[in-house]
Amino acid sequence: MDIKKFVRPNICSLQAYEAKEITCKVKLDANEAPYGLSSRVLASLMSPKSLRLFGGLNRYPDPEAKSLKKLISRYFGVRPENILHGNGSDELIYYLITTFGGPVIYPVPTFSMYGIIAQAIGEKKIEIPLDEEFDLDISRILKTIRKEKPRLIFLDSPNNPTGNCFSSERILRIIESTLSLSIVVVDEAYQPFSSRKGFLPLLEDYKNLVIMRSLSKIGLAGLRVGFLIADGEIINEVNKVRLPFNLNSLSQAIAIEVLKDRKAMQRNIQLIVSERKRLFHELSKIDGIKPYPSEANFTLFRVKDPDRICKGLLKKGVLVRNMKGVVDGCLRVTVGTPKENRIFLNALKEVSSKA
């Protein structure tokens, strides 16, 4: 039997997202936080009250994640009815495209799942290259909006893999020019590491604005907890396609405890930002390497021979991401602990000097 003849054409031409697991001493390739749960959170999860949760795993989780949404609403100063929870941002992107359809517009390079999910669902995707400063090509985007009339526009700011925030003025022009035309999703997965405030304060002014957030980058990647913040009508519509019980009981419980420990979370974020600055400074001093300023928890840097450098680092037990085919000539390194960053820098200096 030829299985491919049963597969839809848009799936046949789709390549699966590969999340390769490579064992190494220092893993700095996936934009994960270097810090896990705090001692306070761990102690709380081991309390008799929390341990009872394991005895109740024969029951389905709260389908509405009411306790988690209540805490998120206090944390961000929004109403619970303006929040929709998801099994990571990927699931929420899937729901948004399923709900509103296409065309789907997004700049490139950016988070790959916007395009992968749009193609998987069978919606038209339109990629618009960033300008030379890794910012939005506003004239080209506005022209494409007028021509294609997209249902959804995804803007990842700070952007992965470039690390920079897009111009707030340009994002605002896109939102204002599509008030009755498109839903504009500002993906703020990396916003906790940014010096900018983000677009959350503008939600009440723009009904077509959706903010997407995640707990993955601040230390909970293994839980897969993401959420949308948007106008109640948008949340109601997207909720129609949400799978029941999409966020498991353990993820909900642990996320609640982590959000309660706000001081520890902010402390870890500050450590990452401090180390990011140090990484940029040290990378700038290495001959043949050009780091790009970052507002995220990673740094993109240009090297003369990325394939050789990447392989050389891996031989020394350091894993970074080769951005070949995405940002040619560049590697991306996640900000690790001070010790991990020191190992990475020493290995990079040694590998680079052998050019």
# chains A, B, ... in the order shown; residues from 1 in each chain; ligands from 1
>>> residues_around(residues="A:Ser214", least_positions_apart="4", cutoff="8 Å", atoms="only C-alpha atoms", output="short mmCIF file (atom, residue, chain, number, x, y, z; two decimals) with N, CA and C atoms, in the first residue's frame")
data_model
loop_
_atom_site.label_atom_id
_atom_site.label_comp_id
_atom_site.auth_asym_id
_atom_site.auth_seq_id
_atom_site.Cartn_x
_atom_site.Cartn_y
_atom_site.Cartn_z
N GLY A 88 1.49 24.57 26.01
CA GLY A 88 2.58 25.27 25.33
C GLY A 88 2.02 26.22 24.29
N SER A 89 2.88 27.12 23.80
CA SER A 89 2.46 28.08 22.77
C SER A 89 2.10 27.38 21.46
N GLU A 188 5.05 37.05 22.94
CA GLU A 188 5.98 37.60 23.92
C GLU A 188 6.59 36.52 24.81
N ALA A 189 6.94 35.39 24.20
CA ALA A 189 7.54 34.30 24.96
C ALA A 189 8.81 34.73 25.67
N VAL A 225 3.32 24.92 29.43
CA VAL A 225 2.25 25.82 29.83
C VAL A 225 2.38 27.13 29.07
N GLY A 226 1.38 27.42 28.27
CA GLY A 226 1.32 28.70 27.57
C GLY A 226 -0.06 29.29 27.74
N PHE A 227 -0.22 30.56 27.39
CA PHE A 227 -1.55 31.16 27.49
C PHE A 227 -1.68 32.37 26.59
#
>>> residues_around(residues="stretch 9-20 of chain A", least_positions_apart="2", cutoff="9 Å", atoms="only C-alpha atoms", output="list in words")
Lys4, Lys5, Val7, Ile22, Ala30, Ser112, Met113, Ile116, Gln119, Ala120, Ile121 and Gly122 of chain A
>>> closest_residue(among="A:Ser67, A:Gln270, A:Asn31, A:Ser50", to="A:Ile256", atoms="only C-alpha atoms")
A:Ser67
>>> residues_around(residues="A:Asp287", least_positions_apart="2", cutoff="12 Å", atoms="only C-alpha atoms", output="MDAnalysis selection string")
chainID A and resid 282:285 289:291 302:304 348:355
>>> write_last_selection(atoms="N, CA and C atoms", output="compact mmCIF listing (two decimals), in the first residue's frame")
# COMPACT_ATOMS: atom_id res chain seq x y z
N GLU A 282 31.93 39.44 26.07
CA GLU A 282 33.03 38.51 25.83
C GLU A 282 33.08 38.04 24.37
N LEU A 283 31.93 37.82 23.77
CA LEU A 283 31.89 37.42 22.36
C LEU A 283 32.44 38.52 21.46
N SER A 284 32.16 39.75 21.84
CA SER A 284 32.63 40.89 21.05
C SER A 284 34.15 40.99 21.00
N LYS A 285 34.82 40.40 21.98
CA LYS A 285 36.28 40.48 22.05
C LYS A 285 36.99 39.37 21.28
N ILE A 289 34.26 36.99 15.31
CA ILE A 289 32.90 36.72 15.82
C ILE A 289 32.16 38.03 16.02
N LYS A 290 30.93 38.06 15.53
CA LYS A 290 30.09 39.26 15.67
C LYS A 290 28.78 38.88 16.37
N PRO A 291 28.63 39.21 17.65
CA PRO A 291 27.35 38.95 18.33
C PRO A 291 26.34 40.05 18.04
N ARG A 302 27.58 35.79 14.58
CA ARG A 302 28.08 35.42 13.26
C ARG A 302 29.52 34.94 13.37
N VAL A 303 29.83 33.86 12.66
CA VAL A 303 31.18 33.30 12.64
C VAL A 303 31.58 33.01 11.18
N LYS A 304 32.86 32.84 10.95
CA LYS A 304 33.36 32.62 9.58
C LYS A 304 33.02 31.24 9.06
N LEU A 348 34.84 28.10 22.77
CA LEU A 348 34.72 28.88 21.53
C LEU A 348 36.04 29.56 21.18
N LYS A 349 36.71 30.12 22.17
CA LYS A 349 38.00 30.76 21.93
C LYS A 349 39.02 29.77 21.37
N GLU A 350 38.99 28.56 21.94
CA GLU A 350 39.94 27.54 21.50
C GLU A 350 39.62 27.05 20.08
N VAL A 351 38.34 26.81 19.81
CA VAL A 351 37.95 26.33 18.49
C VAL A 351 38.18 27.41 17.43
N SER A 352 37.87 28.66 17.78
CA SER A 352 38.03 29.77 16.82
C SER A 352 39.50 30.02 16.48
N SER A 353 40.38 29.83 17.45
CA SER A 353 41.80 30.10 17.21
C SER A 353 42.44 29.10 16.28
N LYS A 354 41.76 27.97 16.03
CA LYS A 354 42.29 26.94 15.15
C LYS A 354 41.83 27.10 13.71
N ALA A 355 41.26 28.23 13.41
CA ALA A 355 40.75 28.46 12.06
C ALA A 355 41.88 28.51 11.04
>>> closest_residue(among="A:Ile171, A:Leu220, A:Ile272, A:Ile183", to="A:Val258", atoms="only C-alpha atoms")
A:Leu220
>>> closest_atom_pairs(of="stretch 216-321 of chain A", to="stretch 148-161 of chain A", cutoff="7 Å", atoms="only C-alpha atoms", output="JSON lines")
{"residue": "A:Glu295", "atom": "CA", "partner": "A:Pro158", "partner_atom": "CA", "distance": 6.1}
{"residue": "A:Ala296", "atom": "CA", "partner": "A:Pro158", "partner_atom": "CA", "distance": 6.1}
{"residue": "A:Leu300", "atom": "CA", "partner": "A:Pro161", "partner_atom": "CA", "distance": 6.9}
>>> select_by_dssp(residues="stretch 143-348 of chain A", states="strand (DSSP E or B)", output="PyMOL selection string")
chain A and resi 152-156+183-187+209-214+226-230+290-291+298-302+318-319+321-322+330-334
>>> write_last_selection(atoms="C-alpha atoms", output="PDB file, in the first residue's frame")
ATOM      1  CA  LEU A 152      -3.719  36.321  11.180  1.00  0.00           C
ATOM      2  CA  ILE A 153      -0.392  38.103  11.601  1.00  0.00           C
ATOM      3  CA  PHE A 154       2.236  36.643  13.946  1.00  0.00           C
ATOM      4  CA  LEU A 155       4.954  38.912  15.352  1.00  0.00           C
ATOM      5  CA  ASP A 156       7.506  37.318  17.685  1.00  0.00           C
ATOM      6  CA  ILE A 183      -5.939  39.406  14.255  1.00  0.00           C
ATOM      7  CA  VAL A 184      -2.412  40.489  15.243  1.00  0.00           C
ATOM      8  CA  VAL A 185      -0.673  38.057  17.598  1.00  0.00           C
ATOM      9  CA  VAL A 186       2.334  39.466  19.433  1.00  0.00           C
ATOM     10  CA  ASP A 187       4.245  36.470  20.718  1.00  0.00           C
ATOM     11  CA  LEU A 209      -4.551  42.377  19.458  1.00  0.00           C
ATOM     12  CA  VAL A 210      -3.630  39.032  21.028  1.00  0.00           C
ATOM     13  CA  ILE A 211      -0.712  38.560  23.417  1.00  0.00           C
ATOM     14  CA  MET A 212       0.858  35.119  23.646  1.00  0.00           C
ATOM     15  CA  ARG A 213       2.957  34.194  26.694  1.00  0.00           C
ATOM     16  CA  SER A 214       4.750  31.070  27.888  1.00  0.00           C
ATOM     17  CA  GLY A 226       1.317  28.701  27.572  1.00  0.00           C
ATOM     18  CA  PHE A 227      -1.554  31.160  27.490  1.00  0.00           C
ATOM     19  CA  LEU A 228      -3.267  33.795  25.375  1.00  0.00           C
ATOM     20  CA  ILE A 229      -4.403  37.158  26.700  1.00  0.00           C
ATOM     21  CA  ALA A 230      -6.974  38.868  24.497  1.00  0.00           C
ATOM     22  CA  LYS A 290      30.087  39.257  15.673  1.00  0.00           C
ATOM     23  CA  PRO A 291      27.354  38.947  18.330  1.00  0.00           C
ATOM     24  CA  PHE A 298      19.937  33.739  23.919  1.00  0.00           C
ATOM     25  CA  THR A 299      22.454  35.441  21.659  1.00  0.00           C
ATOM     26  CA  LEU A 300      22.838  35.132  17.899  1.00  0.00           C
ATOM     27  CA  PHE A 301      26.403  35.501  16.664  1.00  0.00           C
ATOM     28  CA  ARG A 302      28.080  35.418  13.264  1.00  0.00           C
ATOM     29  CA  VAL A 318      29.071  22.229  24.254  1.00  0.00           C
ATOM     30  CA  LEU A 319      25.898  22.182  22.160  1.00  0.00           C
ATOM     31  CA  ARG A 321      22.260  25.809  17.504  1.00  0.00           C
ATOM     32  CA  ASN A 322      23.542  26.103  13.949  1.00  0.00           C
ATOM     33  CA  CYS A 330      25.307  32.338  12.370  1.00  0.00           C
ATOM     34  CA  LEU A 331      25.099  30.254  15.528  1.00  0.00           C
ATOM     35  CA  ARG A 332      22.717  30.774  18.449  1.00  0.00           C
ATOM     36  CA  VAL A 333      23.693  30.170  22.045  1.00  0.00           C
ATOM     37  CA  THR A 334      21.311  30.034  25.000  1.00  0.00           C
TER      38      THR A 334
END
>>> residues_around(residues="stretch 94-98 of chain A", least_positions_apart="5", cutoff="7 Å", atoms="only C-alpha atoms", output="ChimeraX atom specification")
/A:117-118,238,241-242
>>> residues_around(residues="A:Cys310", least_positions_apart="4", cutoff="7 Å", atoms="only C-alpha atoms", output="list in words")
Pro306, Leu314, Val320 and Asn322 of chain A
>>> write_last_selection(atoms="N, CA and C atoms", output="CSV table (one decimal), in the first residue's frame")
chain,number,residue,atom,x,y,z
A,306,PRO,N,30.6,28.5,10.4
A,306,PRO,CA,29.7,28.0,11.5
A,306,PRO,C,29.7,26.5,11.6
A,314,LEU,N,30.9,21.0,19.9
A,314,LEU,CA,30.2,19.7,20.3
A,314,LEU,C,31.3,18.7,20.8
A,320,VAL,N,25.4,24.1,20.8
A,320,VAL,CA,24.7,25.4,20.4
A,320,VAL,C,23.9,25.1,19.1
A,322,ASN,N,23.1,25.6,15.2
A,322,ASN,CA,23.5,26.1,13.9
A,322,ASN,C,22.3,26.6,13.2
>>> closest_residue(among="A:Pro201, A:Pro192, A:Pro129, A:Gly86", to="A:Leu223", atoms="only C-alpha atoms")
A:Gly86
>>> select_by_dssp(residues="stretch 125-315 of chain A", states="alpha helix (DSSP H)", output="NGL selection string")
:A and (138-148 or 168-177 or 232-239 or 249-260 or 262-284 or 306-315)
